[in-house]
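Have a look at the structure below, then the notes.
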Amino acid sequence: MIKRKKVVKILKYIKQGQTIGIIGGGQLGQMLALDAKENGMKVLVLDPNPTCSAGQVADAQIVAAYDDFAALQQLAKQADVVTYEFENVDLAALEKLEKTIWLPQGTELLKITKNRLTEKTFLKEQGLDVVDFCEVNDEQELKQAVKKIGYPCILKTCEGGYDGKSQVNINDSADLNEAGKLLRQRKCILEGWLDFSLECSVMVARNLAGEITVFPVSENIHRNHILHLSIVPARIAENLQQVAKQAAVKIAKSLDLCGVLGVEMFVGKDGRVYINELAPRPHNSGHYSIEACDFSQFAIHNRAICGWPLPQITLLKPVVMVNVLGQHVCAIKKLIQTKPSWHFHDYGKDQALLDRKMGHVTILTDDLDKTLVEIEETKVWSD
Ligand code: ADP
Ligand code: MG
């Protein structure tokens with residue numbers, strides 16, 4: 001049983017002109033900051049990189065490591081409300097600061113979601129479907145776990161992984177050696193491989209008054225474990241969309257969520273919805289909402305942490321969102337000239353490294369199939 005500290009949070013209303021502090025200066029922080037500026041807030045970012053994405057659009061930046069306690073104290077002092085844009089923040093430092101900092105998302109949410117084992121155990125305890133999983137600490141336990149779960153399976157570090165990093169697919173005993181190497185680095189979880197029919201996600205948000213709002217279901221296509229594109233609405237039956245949304249709402253309630261939460265799911269060939277993982281923040285698969293919904297995931301997150309009321313979300317038009325990775329950047333710059341109705345987002349990162357998320361493209365459409373063919377035909381993403 002996951003032990004949880006019940007924290008009673010008072011409602012606090014953050015007004016226009018006050019300051020939102022964001023821990024983390026990546027693209028999620030940047031898009032949060034852009035929305036916050038539109039709404040008349042001041043934005044202070046904490047990130048070690050002086051040219052980080054969010055710092056470029058914020059009022060000010062504290063250039064420091066995420067676990068620099070003095071810097072976090074400075075952020076707490078200068079900001080009226082603090083949020084985080086990724087889960088690998090320093091939990092212990094935030095817990096220490098919780099009395100002096102207004103952190104409506106809280107640290108309990110972080111504690112559960114930053115560790116895959118705690119997260120999956122929590123989801124299972126909520127009665128939700130998850131793949132078979134097992135804690136694995138050494139090679140002996142790995143052998144036992146593989147015996148129990150069976151091939152194919154996947155070994156992941158409990159903490160710190162993203163975009164498929166720190167994961168090893170295990171198809172047969174020949175892969176155990178590679179898995180052993182990962183295990184020697186960190187504590188791991190072994191998961192059964194689910195032969196799903198598709199992947200989807202739901203962004204859900206809640207404020208401390210208990211209002212909940214849910215975004216439309218996004219169908220997600222990954223390449224090399226990295227999100228390639230999102231299609232909204234997901235091409236699944238209406239009743240499955242409802243199951244997915246209800247699961248997201250259930251999770252939001254049971255976590256006493258404040259802010260936006262991304263819920264990644266698999267739709268199994270058995271027609272069941274399995275929860276894959278949670279992101280306690282805006283999520284890549286929710287970027288489509290900037291143009292395709294009446295409120296973006298960033299706007300809703302800011303509203304929730306500022307204690308503003310939450311609207312119900314309307315999808316204005318079907319949409320495809322495609323990620324731009326380092327290897328796509330050159331071709332994308334040329335593509336802008338040929339696609340007047342596509343929305344090109346660039347996060348302003350200076351190094352276009354292989355597989356690094358550099359931007360995304362949003363395409364509103366009345367014909368999803370035609371748009372998917374159009375994306376293929378550009379050959380930008382045929383790597
Ligand atoms: P992260 O997104 O943090 O890198 P995920 O657990 O979401 O880690 O894994 C990345 C992708 O790998 C998933 O979106 C999915 O495509 C695939 N994947 C991960 N775990 C499984 C699993 N147990 N069964 C099938 N596919 C999986
Ligand atoms: Mg994921």
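Following the order of the structure tokens, chains are lettered A, B, ..., residues in each are numbered from 1, and ligands are numbered from 1.
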
Which residues are near region 38-49 of chain A? Cut-off 9 Å, only C-alpha atoms, ignore same chain within fewer than 5 positions. Put them as an MDAnalysis selection string. chainID A and resid 15:26 29 33 54:55 57:66 71:72 75 78:79 299

Nearby residues (only C-alpha atoms) at most 8 Å from Gly326 (chain A), same-chain spacing under 4 positions excluded, as a list in words: Gln351, Ala352, Leu353, Leu354, Asp355, Arg356, Lys357 and Met358 of chain A

Take the residues just selected and output them with N, CA and C atoms as an mmCIF file, in the first residue's frame.
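Result file is again_15.cif:
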data_model
loop_
_atom_site.group_PDB
_atom_site.id
_atom_site.type_symbol
_atom_site.label_atom_id
_atom_site.label_comp_id
_atom_site.auth_asym_id
_atom_site.auth_seq_id
_atom_site.Cartn_x
_atom_site.Cartn_y
_atom_site.Cartn_z
ATOM 1 N N GLN A 351 21.341 23.615 -29.629
ATOM 2 C CA GLN A 351 21.989 22.459 -30.267
ATOM 3 C C GLN A 351 20.968 21.442 -30.762
ATOM 4 N N ALA A 352 20.950 21.258 -32.091
ATOM 5 C CA ALA A 352 19.987 20.318 -32.691
ATOM 6 C C ALA A 352 20.545 18.897 -32.648
ATOM 7 N N LEU A 353 20.552 18.299 -31.473
ATOM 8 C CA LEU A 353 21.115 16.949 -31.321
ATOM 9 C C LEU A 353 20.122 15.895 -31.802
ATOM 10 N N LEU A 354 20.660 14.735 -32.185
ATOM 11 C CA LEU A 354 19.836 13.617 -32.631
ATOM 12 C C LEU A 354 18.797 13.269 -31.555
ATOM 13 N N ASP A 355 17.550 13.145 -31.958
ATOM 14 C CA ASP A 355 16.429 12.756 -31.078
ATOM 15 C C ASP A 355 16.070 13.791 -30.012
ATOM 16 N N ARG A 356 16.701 14.950 -30.038
ATOM 17 C CA ARG A 356 16.342 15.976 -29.054
ATOM 18 C C ARG A 356 15.107 16.734 -29.541
ATOM 19 N N LYS A 357 14.139 16.930 -28.655
ATOM 20 C CA LYS A 357 12.916 17.638 -29.055
ATOM 21 C C LYS A 357 13.210 19.125 -29.236
ATOM 22 N N MET A 358 13.093 19.587 -30.476
ATOM 23 C CA MET A 358 13.455 20.971 -30.825
ATOM 24 C C MET A 358 12.237 21.845 -31.072
#

Using only C-alpha atoms, which protein or nucleic acid residues come within 6 Å of region 195-205 of chain A? Drop anything in the same chain fewer than 2 positions from it, and give the result as a count of residues only. 19

Give as a list of chain:residue names the residues surrounding ligand 2 up to a distance of 8 Å, considering only C-alpha atoms and all ligand atoms. A:Tyr162, A:Asp163, A:Gly164, A:His225, A:Ile226, A:Glu264, A:Asn276, A:Glu277, A:Leu278

Can I get the selection written as a compact mmCIF listing (two decimals), in the first residue's frame, with N, CA and C atoms?
# COMPACT_ATOMS: atom_id res chain seq x y z
N TYR A 162 13.36 8.98 -19.56
CA TYR A 162 12.37 9.68 -20.39
C TYR A 162 12.67 9.39 -21.86
N ASP A 163 11.67 9.56 -22.74
CA ASP A 163 11.83 9.29 -24.17
C ASP A 163 12.52 7.96 -24.44
N GLY A 164 12.14 6.95 -23.69
CA GLY A 164 12.68 5.61 -23.93
C GLY A 164 14.10 5.42 -23.42
N HIS A 225 10.51 4.70 -29.21
CA HIS A 225 10.05 5.05 -27.86
C HIS A 225 9.86 6.56 -27.66
N ILE A 226 10.02 7.35 -28.71
CA ILE A 226 9.83 8.81 -28.58
C ILE A 226 8.55 9.18 -29.31
N GLU A 264 -0.68 8.60 -19.74
CA GLU A 264 -0.36 7.80 -20.94
C GLU A 264 -1.02 6.44 -20.80
N ASN A 276 -0.23 3.45 -18.69
CA ASN A 276 1.21 3.25 -18.83
C ASN A 276 1.97 4.08 -17.81
N GLU A 277 1.86 5.39 -17.90
CA GLU A 277 2.54 6.22 -16.90
C GLU A 277 1.88 7.58 -16.77
N LEU A 278 2.26 8.29 -15.70
CA LEU A 278 1.68 9.61 -15.41
C LEU A 278 2.76 10.67 -15.50

For the structure I just gave you, how does DSSP split region 11-109 of chain A - specifically, which residues are strand (DSSP E)? Reply as a PyMOL selection string. chain A and resi 19-23+42-46+60-62+81-84

Which of these residues is nearest to ligand 1, using only C-alpha atoms and all ligand atoms: A:Ala237, A:Cys153, A:Ala36, A:Leu316?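 Result for the nearest residue to ligand 1: A:Cys153.
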
With DSSP run on the backbone, what are the alpha helix (DSSP H) residues within region 113-225 of chain A? I'd like them as a ChimeraX atom specification. /A:113,116-125,139-149,176-185

Dump C-alpha atoms for the selected residues as a PDB file, in the first residue's frame?
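Here's the written file part-v2.pdb:
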ATOM      1  CA  THR A 113       4.979   9.857 -10.175  1.00  0.00           C
ATOM      2  CA  ARG A 116       7.692   3.937 -11.858  1.00  0.00           C
ATOM      3  CA  LEU A 117       7.288   1.307  -9.167  1.00  0.00           C
ATOM      4  CA  THR A 118       5.419   3.595  -6.764  1.00  0.00           C
ATOM      5  CA  GLU A 119       3.344   4.920  -9.658  1.00  0.00           C
ATOM      6  CA  LYS A 120       2.305   1.491 -10.973  1.00  0.00           C
ATOM      7  CA  THR A 121       1.581   0.237  -7.450  1.00  0.00           C
ATOM      8  CA  PHE A 122      -0.606   3.303  -6.842  1.00  0.00           C
ATOM      9  CA  LEU A 123      -2.497   2.813 -10.129  1.00  0.00           C
ATOM     10  CA  LYS A 124      -3.093  -0.857  -9.364  1.00  0.00           C
ATOM     11  CA  GLU A 125      -4.381   0.052  -5.900  1.00  0.00           C
ATOM     12  CA  GLU A 139      20.349 -10.206 -11.572  1.00  0.00           C
ATOM     13  CA  GLN A 140      18.952 -13.008  -9.457  1.00  0.00           C
ATOM     14  CA  GLU A 141      15.686 -11.084  -9.042  1.00  0.00           C
ATOM     15  CA  LEU A 142      15.705 -10.297 -12.766  1.00  0.00           C
ATOM     16  CA  LYS A 143      15.789 -14.010 -13.623  1.00  0.00           C
ATOM     17  CA  GLN A 144      12.903 -14.701 -11.252  1.00  0.00           C
ATOM     18  CA  ALA A 145      10.931 -11.730 -12.570  1.00  0.00           C
ATOM     19  CA  VAL A 146      11.409 -12.798 -16.204  1.00  0.00           C
ATOM     20  CA  LYS A 147      10.219 -16.282 -15.268  1.00  0.00           C
ATOM     21  CA  LYS A 148       7.114 -14.819 -13.679  1.00  0.00           C
ATOM     22  CA  ILE A 149       6.295 -12.218 -16.358  1.00  0.00           C
ATOM     23  CA  LEU A 176      19.542 -10.439 -20.264  1.00  0.00           C
ATOM     24  CA  ASN A 177      23.159  -9.327 -20.409  1.00  0.00           C
ATOM     25  CA  GLU A 178      22.207  -5.856 -21.657  1.00  0.00           C
ATOM     26  CA  ALA A 179      19.462  -5.703 -19.030  1.00  0.00           C
ATOM     27  CA  GLY A 180      22.018  -6.603 -16.350  1.00  0.00           C
ATOM     28  CA  LYS A 181      24.060  -3.544 -17.286  1.00  0.00           C
ATOM     29  CA  LEU A 182      21.070  -1.258 -16.705  1.00  0.00           C
ATOM     30  CA  LEU A 183      20.363  -2.993 -13.428  1.00  0.00           C
ATOM     31  CA  ARG A 184      23.869  -2.337 -12.175  1.00  0.00           C
ATOM     32  CA  GLN A 185      23.275   1.400 -12.638  1.00  0.00           C
TER      33      GLN A 185
END

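Across the model, the gap from CA of Asn88 (chain A) to CA of Asn207 (chain A) is 22.6 Å.
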